[in-house]
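Asks: Provided herewith: final.txt, compact mmCIF, C-alpha atoms.
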# COMPACT_ATOMS: atom_id res chain seq x y z
CA MET K 840 -17.10 32.25 -5.20
CA PRO K 841 -13.68 31.45 -6.71
CA ALA K 842 -13.68 30.42 -10.35
CA LEU K 843 -12.26 27.01 -9.46
CA LEU K 844 -15.29 26.19 -7.37
CA ARG K 845 -17.97 27.44 -9.72
CA GLU K 846 -17.80 24.43 -12.03
CA PHE K 847 -17.38 21.83 -9.30
CA PRO K 848 -20.65 19.86 -9.02
CA ILE K 849 -22.77 21.13 -6.14
CA VAL K 850 -23.81 17.59 -5.22
CA VAL K 851 -20.16 16.60 -4.68
CA LEU K 852 -19.51 19.65 -2.51
CA CYS K 853 -22.55 18.84 -0.40
CA MET K 854 -21.42 15.25 -0.09
CA LEU K 855 -17.98 16.30 1.09
CA PHE K 856 -19.42 18.83 3.54
CA PHE K 857 -21.61 16.26 5.26
CA ALA K 858 -18.78 13.72 5.30
CA SER K 859 -16.50 16.19 7.07
CA CYS K 860 -19.13 17.08 9.68
CA ALA K 861 -20.75 13.73 10.35
CA THR K 862 -20.27 11.90 13.63
CA VAL K 863 -20.95 8.18 13.85
CA LYS K 864 -22.48 6.82 17.04
CA PHE K 865 -23.15 3.20 17.95
CA ASP K 866 -25.99 3.09 20.45
CA GLU K 867 -27.18 -0.45 19.88
CA ASN K 868 -26.13 -3.64 21.56
CA SER K 869 -26.83 -7.14 20.36
CA GLY K 870 -29.81 -7.37 22.71
CA ASP K 871 -31.61 -4.82 20.56
CA TYR K 872 -31.49 -7.31 17.72
CA ARG K 873 -32.52 -10.48 19.58
CA LYS K 874 -35.35 -11.37 17.23
CA GLN K 875 -33.36 -10.61 14.09
CA ILE K 876 -30.35 -12.57 15.31
CA ALA K 877 -32.57 -15.53 16.18
CA THR K 878 -34.19 -15.39 12.74
CA PHE K 879 -30.86 -15.23 10.91
CA GLU K 880 -29.37 -18.03 13.00
CA ALA K 881 -32.38 -20.23 12.22
CA ARG K 882 -31.86 -19.54 8.53
CA LEU K 883 -28.19 -20.49 8.84
CA ARG K 884 -29.07 -23.76 10.55
CA ASN K 885 -31.19 -24.60 7.52
CA ASN K 886 -28.62 -23.24 5.07
CA PRO K 887 -25.10 -22.42 6.37
CA ASN K 888 -24.39 -20.61 3.09
CA ASP K 889 -27.31 -18.18 3.36
CA PHE K 890 -25.41 -15.10 2.17
CA GLU K 891 -27.82 -12.42 3.33
CA ALA K 892 -28.09 -13.95 6.79
CA LEU K 893 -24.31 -14.10 7.10
CA ARG K 894 -23.81 -10.56 5.89
CA ASP K 895 -26.57 -8.95 7.94
CA LEU K 896 -25.54 -10.81 11.09
CA GLY K 897 -22.03 -9.52 10.54
CA ILE K 898 -23.27 -5.94 10.14
CA ILE K 899 -25.46 -6.23 13.24
CA TYR K 900 -22.51 -7.40 15.33
CA PHE K 901 -20.37 -4.65 13.82
CA GLN K 902 -22.92 -2.01 14.80
CA SER K 903 -23.00 -3.55 18.28
CA LYS K 904 -19.20 -3.28 18.57
CA GLN K 905 -18.87 -7.06 18.81
CA TYR K 906 -16.07 -7.12 16.28
CA PRO K 907 -14.85 -10.75 16.60
CA GLN K 908 -18.36 -12.04 15.76
CA ALA K 909 -18.74 -9.44 13.01
CA LYS K 910 -15.41 -10.46 11.50
CA ASP K 911 -16.38 -14.14 11.51
CA TYR K 912 -19.76 -13.70 9.81
CA LEU K 913 -18.59 -11.10 7.28
CA LYS K 914 -15.61 -13.21 6.28
CA LYS K 915 -17.88 -16.19 5.68
CA ALA K 916 -20.27 -14.00 3.69
CA SER K 917 -17.42 -12.70 1.50
CA VAL K 918 -16.50 -16.28 0.63
CA VAL K 919 -20.09 -17.31 -0.17
CA ASP K 920 -20.64 -14.31 -2.48
CA THR K 921 -17.50 -12.69 -3.84
CA ARG K 922 -19.54 -10.18 -5.87
CA ASP K 923 -20.88 -8.09 -3.00
CA ALA K 924 -18.70 -5.04 -2.29
CA LYS K 925 -20.85 -4.04 0.69
CA THR K 926 -19.78 -7.18 2.54
CA LEU K 927 -16.11 -6.58 1.87
CA PHE K 928 -16.38 -2.93 2.90
CA TYR K 929 -17.89 -3.81 6.28
CA TYR K 930 -15.37 -6.61 6.71
CA GLY K 931 -12.58 -4.09 6.18
CA MET K 932 -14.21 -1.62 8.57
CA THR K 933 -14.46 -4.35 11.21
CA LEU K 934 -10.74 -5.01 10.89
CA GLU K 935 -10.04 -1.29 11.17
CA PHE K 936 -12.02 -1.06 14.42
CA GLN K 937 -9.89 -3.97 15.64
CA ASN K 938 -6.81 -1.89 14.74
CA ASP K 939 -5.78 -4.40 12.07
CA GLN K 940 -4.63 -2.00 9.35
CA GLN K 941 -2.79 -4.61 7.31
CA GLY K 942 -5.82 -6.90 7.29
CA ALA K 943 -8.09 -4.03 6.27
CA LEU K 944 -5.71 -3.09 3.45
CA ALA K 945 -5.80 -6.67 2.19
CA ALA K 946 -9.60 -6.50 2.11
CA TYR K 947 -9.90 -3.07 0.52
CA ILE K 948 -7.34 -3.70 -2.21
CA ASN K 949 -9.96 -5.90 -3.89
CA TYR K 950 -11.96 -2.78 -4.79
CA THR K 951 -10.59 -3.27 -8.30
CA ASP K 952 -12.77 -6.37 -8.65
CA PHE K 953 -15.99 -4.38 -8.61
CA SER K 954 -17.88 -2.13 -10.97
CA GLY K 955 -16.94 1.55 -10.90
CA LEU K 956 -20.66 2.24 -10.50
CA SER K 957 -20.77 0.54 -7.12
CA PRO K 958 -20.87 3.06 -4.24
CA TYR K 959 -19.08 0.57 -1.98
CA ARG K 960 -16.25 0.30 -4.48
CA LYS K 961 -15.63 4.02 -3.99
CA LEU K 962 -15.70 3.60 -0.22
CA MET K 963 -13.26 0.68 -0.36
CA GLU K 964 -10.97 2.58 -2.70
CA GLY K 965 -11.00 5.62 -0.44
CA ARG K 966 -10.15 3.53 2.63
CA TYR K 967 -7.39 1.68 0.74
CA ARG K 968 -5.75 4.87 -0.43
CA SER K 969 -6.07 6.53 2.97
CA LEU K 970 -4.72 3.55 4.93
CA THR K 971 -1.86 3.15 2.45
CA ARG K 972 -0.70 6.67 3.30
CA ASP K 973 -0.97 5.96 7.03
CA VAL K 974 1.00 2.72 6.75
CA ILE K 975 3.73 4.37 4.67
CA GLN K 976 4.06 7.14 7.24
CA GLN K 977 4.34 4.57 10.05
CA GLN K 978 6.98 2.64 8.10
CA LEU K 979 9.06 5.76 7.60
CA GLN K 980 8.77 6.71 11.25
CA THR K 981 10.09 3.25 12.14
CA LEU K 982 12.94 3.57 9.63
CA LEU K 983 13.93 6.94 11.06
CA ILE K 984 14.11 5.46 14.54
CA GLN K 985 16.35 2.65 13.26
CA GLU K 986 18.19 4.78 10.72
CA ASP K 987 21.62 4.04 12.17
CA LYS K 988 21.16 0.37 11.26
CA LEU K 989 20.70 1.14 7.55
CA GLY K 990 23.62 0.55 5.21
CA ASP K 991 24.44 0.86 1.51
CA GLU K 992 23.41 -2.76 1.01
CA ASP K 993 19.80 -1.75 1.74
CA MET K 994 19.68 0.39 -1.41
CA SER K 995 18.65 -1.09 -4.75
CA PRO K 996 20.76 0.19 -7.68
CA THR K 997 17.74 -0.06 -10.00
CA THR K 998 15.34 1.86 -7.76
CA LEU K 999 14.95 5.55 -8.55
CA ALA K 1000 13.37 8.21 -6.33
CA VAL K 1001 12.40 11.43 -8.13
CA PHE K 1002 11.98 14.37 -5.77
CA PRO K 1003 9.90 17.50 -6.47
CA LEU K 1004 11.85 20.12 -8.39
CA SER K 1005 12.52 23.30 -6.47
CA TYR K 1006 10.94 26.30 -8.21
CA GLN K 1007 13.38 29.22 -8.51
CA GLY K 1008 11.25 31.74 -10.41
CA LYS K 1009 9.67 34.99 -9.27
CA ASP K 1010 6.21 34.50 -10.77
CA GLU K 1011 4.18 32.72 -8.09
CA LYS K 1012 1.60 31.39 -10.54
CA TYR K 1013 4.21 28.84 -11.62
CA SER K 1014 5.26 27.90 -8.08
CA SER K 1015 3.64 24.46 -8.27
CA LEU K 1016 5.34 23.62 -11.56
CA GLY K 1017 8.16 21.67 -9.89
CA THR K 1018 5.69 19.27 -8.30
CA GLY K 1019 3.84 18.63 -11.55
CA LEU K 1020 7.02 18.19 -13.59
CA SER K 1021 8.50 15.73 -11.12
CA GLU K 1022 5.30 13.69 -11.34
CA MET K 1023 5.59 13.63 -15.14
CA MET K 1024 9.18 12.47 -14.75
CA ILE K 1025 8.07 9.67 -12.42
CA ILE K 1026 5.54 8.58 -15.05
CA ASP K 1027 8.13 8.73 -17.85
CA PHE K 1028 10.89 6.93 -15.95
CA GLY K 1029 8.28 4.36 -15.04
CA GLN K 1030 8.09 3.36 -18.71
CA VAL K 1031 11.65 2.00 -18.54
CA SER K 1032 11.64 -1.66 -17.56
CA LYS K 1033 15.15 -1.49 -16.06
CA LEU K 1034 14.02 0.98 -13.41
CA ARG K 1035 11.74 0.71 -10.41
CA LEU K 1036 10.23 4.00 -9.25
CA VAL K 1037 9.48 5.04 -5.69
CA GLU K 1038 5.88 6.27 -5.63
CA ARG K 1039 5.34 9.94 -4.88
CA ILE K 1040 3.26 9.41 -1.74
CA ARG K 1041 6.21 7.65 -0.11
CA ILE K 1042 8.51 10.55 -1.04
CA ASP K 1043 5.95 13.05 0.27
CA ALA K 1044 5.72 11.17 3.55
CA LEU K 1045 9.51 11.19 3.95
CA LEU K 1046 9.78 14.90 3.22
CA ALA K 1047 7.08 15.58 5.78
CA GLU K 1048 8.83 13.44 8.40
CA LEU K 1049 12.16 15.16 7.76
CA ARG K 1050 10.51 18.60 7.67
CA PHE K 1051 12.37 19.61 4.54
CA GLY K 1052 10.35 22.77 4.23
CA GLN K 1053 8.79 24.26 1.12
CA THR K 1054 11.89 24.10 -1.10
CA ASN K 1055 12.30 20.31 -0.77
CA LYS K 1056 15.77 20.85 -2.23
CA VAL K 1057 17.77 17.66 -2.65
CA ASP K 1058 21.55 17.84 -3.12
CA PRO K 1059 24.60 15.56 -2.89
CA ALA K 1060 24.74 16.16 0.87
CA THR K 1061 21.20 14.90 1.51
CA ALA K 1062 20.84 12.32 -1.29
CA PRO K 1063 22.65 9.41 0.46
CA ARG K 1064 20.42 9.65 3.52
CA LEU K 1065 17.28 9.85 1.40
CA GLY K 1066 18.42 6.88 -0.66
CA LYS K 1067 18.89 4.71 2.43
CA LEU K 1068 15.50 5.63 3.85
CA LEU K 1069 13.77 4.85 0.54
CA SER K 1070 15.93 1.85 -0.38
CA ALA K 1071 16.70 3.77 -3.57
CA GLY K 1072 20.15 3.53 -5.11
CA ARG K 1073 19.46 6.48 -7.37
CA ILE K 1074 18.07 9.90 -6.49
CA ALA K 1075 16.89 12.52 -8.97
CA GLY K 1076 16.15 16.12 -8.11
CA GLY K 1077 16.85 19.66 -9.16
CA THR K 1078 15.31 23.01 -9.98
CA CYS K 1079 12.94 24.63 -12.46
CA ASN K 1080 12.43 28.25 -13.41
CA VAL K 1081 10.22 30.40 -15.61
CA SER K 1082 11.87 33.68 -16.61
CA ASP K 1083 10.27 37.06 -17.22
CA LYS K 1084 10.45 36.26 -20.93
CA ASN K 1085 8.46 33.03 -20.48
CA VAL K 1086 11.46 30.76 -20.91
CA VAL K 1087 11.36 27.58 -18.86
CA ARG K 1088 14.54 25.95 -17.63
CA LEU K 1089 15.02 22.61 -15.88
CA ASP K 1090 18.23 21.50 -14.18
CA VAL K 1091 17.96 17.92 -12.99
CA SER K 1092 20.63 15.73 -11.41
CA SER K 1093 20.67 11.97 -11.10
CA TRP K 1094 22.90 10.69 -8.33
CA ASP K 1095 24.15 7.17 -7.87
CA VAL K 1096 24.22 7.07 -4.07
CA VAL K 1097 25.46 3.47 -4.02
CA LYS K 1098 28.61 4.24 -5.99
CA LYS K 1099 28.69 7.80 -4.60
CA LYS K 1100 28.68 9.43 -8.02
CA PHE K 1101 27.20 12.94 -8.14
CA PRO K 1102 27.44 14.31 -11.71
CA GLU K 1103 26.49 17.85 -12.71
CA PRO K 1104 22.81 18.44 -13.52
CA SER K 1105 21.36 18.02 -17.00
CA GLY K 1106 20.04 21.43 -18.04
CA GLN K 1107 17.44 22.12 -20.73
CA SER K 1108 15.54 25.30 -21.61
CA ASP K 1109 13.04 26.52 -24.21
CA ALA K 1110 9.92 28.65 -24.57
CA LEU K 1111 7.25 27.94 -21.97
CA ASP K 1112 4.96 26.70 -24.75
CA ASN K 1113 7.47 23.86 -25.22
CA LEU K 1114 7.36 22.88 -21.55
CA PHE K 1115 6.96 19.16 -22.17
CA LYS K 1116 9.66 19.08 -24.84
CA VAL K 1117 12.03 20.41 -22.18
CA GLN K 1118 10.78 17.87 -19.64
CA LYS K 1119 11.19 14.97 -22.08
CA ASP K 1120 14.68 16.14 -23.09
CA VAL K 1121 15.68 16.14 -19.42
CA VAL K 1122 14.33 12.61 -18.94
CA PHE K 1123 16.35 11.30 -21.89
CA ALA K 1124 19.46 13.18 -20.73
CA VAL K 1125 19.17 11.67 -17.25
CA LEU K 1126 18.71 8.17 -18.70
CA LYS K 1127 21.82 8.68 -20.82
CA ASN K 1128 23.82 9.77 -17.77
CA MET K 1129 22.59 6.67 -15.96
CA GLY K 1130 23.81 4.48 -18.83
CA ILE K 1131 20.30 3.30 -19.66
CA ALA K 1132 19.18 3.09 -23.30
CA PRO K 1133 15.36 2.84 -23.49
CA THR K 1134 13.87 0.61 -26.13
CA LYS K 1135 12.03 2.06 -29.12
CA ALA K 1136 8.67 1.27 -27.49
CA GLU K 1137 9.78 2.86 -24.23
CA ARG K 1138 10.96 6.00 -26.03
CA GLU K 1139 7.63 6.33 -27.80
CA LYS K 1140 5.76 6.10 -24.49
CA ILE K 1141 8.02 8.67 -22.86
CA GLN K 1142 7.53 11.09 -25.76
CA ARG K 1143 3.76 11.22 -25.32
CA ILE K 1144 2.57 14.70 -24.36
CA PRO K 1145 0.00 14.51 -21.51
CA THR K 1146 -1.72 17.82 -22.32
CA LYS K 1147 -1.25 20.87 -24.53
CA ASN K 1148 -3.17 23.05 -22.09
CA LEU K 1149 -0.70 24.79 -19.76
CA GLN K 1150 -3.47 26.03 -17.46
CA ALA K 1151 -4.77 22.48 -17.05
CA PHE K 1152 -1.27 21.31 -16.14
CA LEU K 1153 -0.85 24.09 -13.57
CA LEU K 1154 -4.17 23.15 -11.97
CA TYR K 1155 -3.06 19.52 -11.94
CA SER K 1156 0.21 20.55 -10.27
CA ILE K 1157 -1.64 22.48 -7.56
CA GLY K 1158 -3.86 19.44 -7.06
CA LEU K 1159 -0.78 17.30 -6.46
CA GLU K 1160 0.40 19.73 -3.78
CA LYS K 1161 -3.00 19.69 -2.09
CA GLU K 1162 -3.03 15.90 -2.20
CA SER K 1163 0.43 15.81 -0.59
CA ALA K 1164 -0.95 18.00 2.20
CA ARG K 1165 -3.90 15.55 2.56
CA ASP K 1166 -6.36 18.27 1.61
CA TYR K 1167 -8.30 15.82 -0.51
CA GLU K 1168 -11.37 18.00 -1.08
CA ALA K 1169 -9.30 20.86 -2.49
CA ALA K 1170 -7.16 18.47 -4.55
CA SER K 1171 -10.32 16.97 -6.05
CA VAL K 1172 -11.48 20.44 -7.11
CA TYR K 1173 -8.20 21.21 -8.88
CA PHE K 1174 -8.01 17.83 -10.64
CA ASN K 1175 -11.59 18.16 -11.86
CA GLN K 1176 -10.87 21.67 -13.11
CA ALA K 1177 -7.87 20.33 -15.03
CA VAL K 1178 -10.06 17.67 -16.63
CA SER K 1179 -12.71 20.25 -17.53
CA LEU K 1180 -10.07 22.24 -19.43
CA ASP K 1181 -8.66 19.14 -21.14
CA PRO K 1182 -10.87 16.03 -21.00
CA ASN K 1183 -8.04 14.03 -22.64
CA PHE K 1184 -5.55 14.80 -19.85
CA ALA K 1185 -5.28 11.20 -18.64
CA PRO K 1186 -3.15 11.71 -15.49
CA ALA K 1187 -5.54 14.41 -14.28
CA LYS K 1188 -8.54 12.17 -14.96
CA SER K 1189 -6.97 9.31 -12.99
CA LYS K 1190 -6.22 11.65 -10.11
CA ALA K 1191 -9.73 13.10 -10.17
CA ASP K 1192 -11.20 9.61 -9.88
CA ALA K 1193 -8.84 8.67 -7.07
CA LEU K 1194 -9.45 11.87 -5.11
CA GLU K 1195 -13.20 11.44 -5.38
CA ALA K 1196 -12.78 8.23 -3.40
CA LEU K 1197 -10.37 9.83 -0.93
CA SER K 1198 -12.65 12.84 -0.44
CA LEU K 1199 -15.54 10.52 0.29
CA ALA K 1200 -13.89 7.93 2.54
CA GLY K 1201 -10.38 9.13 3.33
CA GLY K 1202 -9.28 10.28 6.75
CA ASN K 1203 -10.76 8.69 9.85
CA LYS K 1204 -12.90 5.57 9.71
CA GLU K 1205 -15.91 7.33 11.24
CA LYS K 1206 -16.11 9.57 8.20
CA ALA K 1207 -16.17 6.52 5.92
CA LEU K 1208 -19.00 5.01 7.98
CA ALA K 1209 -20.97 8.23 7.70
CA ALA K 1210 -20.61 8.02 3.94
CA ALA K 1211 -21.74 4.38 3.97
CA TYR K 1212 -24.79 5.23 6.05
CA GLY K 1213 -25.63 7.94 3.55
CA ILE K 1214 -25.78 5.26 0.87
CA GLU K 1215 -27.83 2.82 2.94
CA PRO K 1216 -29.03 3.58 6.49
CA PRO K 1217 -27.69 1.28 9.21
CA ILE K 1218 -29.68 -1.80 10.11
CA ALA K 1219 -32.25 -0.78 12.71
CA PRO K 1220 -33.34 -3.03 15.61
CA GLU K 1221 -36.47 -5.16 15.39
CA GLY K 1222 -39.47 -2.85 15.07
CA GLY K 1223 -37.20 0.13 14.74
CA TYR K 1224 -37.65 0.94 11.09
CA ALA K 1225 -40.05 3.75 11.83
CA GLU K 1226 -39.23 6.92 9.93
CA ASP K 1227 -38.49 8.87 13.09
CA LEU K 1228 -35.74 6.44 14.17
CA VAL K 1229 -34.02 6.40 10.79
CA ALA K 1230 -34.35 10.16 10.43
CA LYS K 1231 -32.89 10.72 13.89
CA ARG K 1232 -29.84 8.59 13.15
CA LEU K 1233 -29.24 10.04 9.72
CA GLN K 1234 -29.44 13.53 11.17
CA HIS K 1235 -26.13 12.75 12.85
CA LEU K 1236 -24.65 10.82 9.95
CA GLY K 1237 -25.29 13.27 7.13
CA ASN K 1238 -27.82 11.55 4.93
CA SER K 1239 -26.83 13.59 1.90
CA ILE K 1240 -23.52 11.73 1.67
CA GLY K 1241 -23.45 9.59 -1.43
CA SER K 1242 -26.65 11.09 -2.82
CA SER K 1243 -25.23 10.69 -6.29
CA PHE K 1244 -24.93 6.92 -5.74
CA TYR K 1245 -27.61 4.31 -6.27
CA PRO K 1246 -27.42 1.18 -4.11
CA GLY K 1247 -27.88 -2.09 -5.85
CA GLN K 1248 -26.40 -5.50 -6.47
CA ASP K 1249 -22.67 -5.23 -7.02
CA SER K 1250 -21.21 -7.23 -9.87
CA ARG K 1251 -17.79 -7.77 -11.36
CA LYS K 1252 -16.97 -6.03 -14.58
CA ALA K 1253 -14.38 -6.69 -17.23
CA ALA K 1254 -10.78 -5.91 -16.33
CA GLU K 1255 -10.66 -2.96 -18.69
CA GLU K 1256 -13.44 -1.24 -16.72
CA ALA K 1257 -11.35 -1.49 -13.56
CA ALA K 1258 -8.41 0.06 -15.38
CA MET K 1259 -10.56 2.86 -16.79
CA ALA K 1260 -11.80 3.58 -13.27
CA GLY K 1261 -8.27 4.16 -12.03
CA ALA K 1262 -7.62 0.73 -10.60
CA ALA K 1263 -3.99 0.77 -11.63
CA ILE K 1264 -3.28 3.62 -9.22
CA GLY K 1265 -3.82 1.29 -6.30
CA ASN K 1266 -1.07 -1.12 -7.34
CA LEU K 1267 1.61 0.38 -5.12
CA PRO K 1268 5.14 -1.05 -4.93
CA ASN K 1269 6.02 -3.03 -1.86
CA PRO K 1270 7.36 -0.94 1.02
CA PRO K 1271 11.08 -1.02 1.78
CA PRO K 1272 12.10 -3.74 4.24
CA HIS K 1273 12.46 -2.72 7.87
CA PRO K 1274 15.96 -3.01 9.20
CA VAL K 1275 16.60 -6.00 11.40
CA GLY K 1276 17.71 -5.13 14.91
CA PRO K 1277 20.52 -6.83 16.74
Do you think you could lay out the structure here as structure tokens?
Replies:
Amino acid sequence: MPALLREFPIVVLCMLFFASCATVKFDENSGDYRKQIATFEARLRNNPNDFEALRDLGIIYFQSKQYPQAKDYLKKASVVDTRDAKTLFYYGMTLEFQNDQQGALAAYINYTDFSGLSPYRKLMEGRYRSLTRDVIQQQLQTLLIQEDKLGDEDMSPTTLAVFPLSYQGKDEKYSSLGTGLSEMMIIDFGQVSKLRLVERIRIDALLAELRFGQTNKVDPATAPRLGKLLSAGRIAGGTCNVSDKNVVRLDVSSWDVVKKKFPEPSGQSDALDNLFKVQKDVVFAVLKNMGIAPTKAEREKIQRIPTKNLQAFLLYSIGLEKESARDYEAASVYFNQAVSLDPNFAPAKSKADALEALSLAGGNKEKALAAAYGIEPPIAPEGGYAEDLVAKRLQHLGNSIGSSFYPGQDSRKAAEEAAMAGAAIGNLPNPPPHPVGP
């Protein structure tokens, strides 16, 4: 077994295995639940705000593929009790099965309201992150179709897109360094209030759509097109290299595609042990070339070193590449390995938390349902709670999914808990506006 996998918790690997293999089937119809439906409806006549009756009726109709009714009851339940993440998860799933991605995103984004200990929070987070990627890809596909309608006026002069640095070295163990360094640059430039950064997943989606290849090299010839597609008036990109003598060099250009200014790259080099000094020097050099003077507080934030462990950073960089390829299980392994080498490596910890959710509930919606049914089995028809029925259904759904979770009443926690659990990652910038046709 590879060293990277040895320390990864066995329970998580099992959970991911079952999630990837599970198939969700809906065999029931509402007739199977006649007695339960009648009971719940009677309760609602006595008390229209009976939360459990509203929620369970919604789930029953969801399992019966009667999505309009499920949507109605689950929405009402979510209003009656805003603390129950299970309700909001099934409401979002109902919208997904109605092909309402935007509505589902609006429901899932509220995962930040719930305790990080809630299993349904993880499911909601995973669906939110997964759907966000899908929506961004669809937006870019639309923009490419209408690309000829885009003009310079669509680009914001204060929006910066930082592309992965192209690795030029011979030693393959550093081949992912360009991806990790560009992510650090995005984080650092993000500290400057005068700039708005394009998130990496949007850049990844564009590179995939344009089939840039493995070098992802950006130059003055390609920068204007990329700027229009990302609504970014400024593009940053370049190269990195590690020599045979362990000297790292970064050459990064910042192009003003609105004013069509393409200055020479800012080059910095030093011993590999001083990797982040080189990266920070490049950031400050680029800001100077852009005519931006960061405040004292902004400079102090930029100068923070994320980790002193080079191996942890390389693992983190590989994890970013795996995440870009939507190999969430592998990315999760690499991020967790980075954290194990340096528990104070905050970006790696945030990514590990995010990828746990994506590994559990990312991808297709059936996989997310399988994970949910591993937490709590689906509602069985009247008289159908016999062990053989539940066992038969969970055989298909992978009942080991979520075995590290403990169902219970969801409750809101303080805002700082949401932030510690990686909530800030979900606050993505608004997508670029679609061009208006004639």
Asks: Using only C-alpha atoms, which of K:Ala1044, K:Leu1016, K:Leu1036, K:Ala1110 sits nearest K:Thr1078?
Replies: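 So, comparing all the options, the nearest one is K:Leu1016.
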Asks: Residues at most 9 Å from K:Ser1163, counting only C-alpha atoms, excluding those fewer than 6 positions away in the same chain, as a VMD selection string?
Replies: chain K and resid 1039 to 1040 1043 to 1044 1170
Asks: Separation of atom CA of K:Leu999 and atom CA of K:Arg1138, in Å?
Replies: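 A separation of 17.9 Å between them.
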Asks: Could you check which of K:Asp923, K:Asp1027, K:Asp871, K:Glu1048 is closest to K:Lys1140, using only C-alpha atoms?
Replies: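 Ranked by minimum distance to K:Lys1140, first place goes to K:Asp1027.
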Asks: When you count all atoms listed in the file, which of these residues is closest to K:Ser954: K:Lys1098, K:Lys1056, K:Arg966, K:Arg922?
Replies: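 That would be K:Arg922, the residue with the smallest distance to K:Ser954.
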Asks: Find the residue from K:Met1129, K:Ser1082, K:Ile975, K:Gln1150 that sits nearest to K:Ser1179; use all atoms listed in the file when measuring.
Replies: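 Nearest candidate to K:Ser1179 out of K:Met1129, K:Ser1082, K:Ile975, K:Gln1150: K:Gln1150.
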Asks: Report as an MDAnalysis selection string all protein, DNA and RNA residues lying within 12 Å of K:Phe1051, evaluated on only C-alpha atoms, omitting residues in the same chain fewer than 2 positions from it.
Replies: chainID K and resid 1002:1003 1005 1042:1049 1053:1057 1061 1065
Asks: Pull C-alpha atoms from the residues just selected and write them as a tab-separated table (two decimals), keeping the file's coordinate frame.
Replies:
chain	number	residue	atom	x	y	z
K	1002	PHE	CA	11.98	14.37	-5.77
K	1003	PRO	CA	9.90	17.50	-6.47
K	1005	SER	CA	12.52	23.30	-6.47
K	1042	ILE	CA	8.51	10.55	-1.04
K	1043	ASP	CA	5.95	13.05	0.27
K	1044	ALA	CA	5.72	11.17	3.55
K	1045	LEU	CA	9.51	11.19	3.95
K	1046	LEU	CA	9.78	14.90	3.22
K	1047	ALA	CA	7.08	15.58	5.78
K	1048	GLU	CA	8.83	13.44	8.40
K	1049	LEU	CA	12.16	15.16	7.76
K	1053	GLN	CA	8.79	24.26	1.12
K	1054	THR	CA	11.89	24.10	-1.10
K	1055	ASN	CA	12.30	20.31	-0.77
K	1056	LYS	CA	15.77	20.85	-2.23
K	1057	VAL	CA	17.77	17.66	-2.65
K	1061	THR	CA	21.20	14.90	1.51
K	1065	LEU	CA	17.28	9.85	1.40
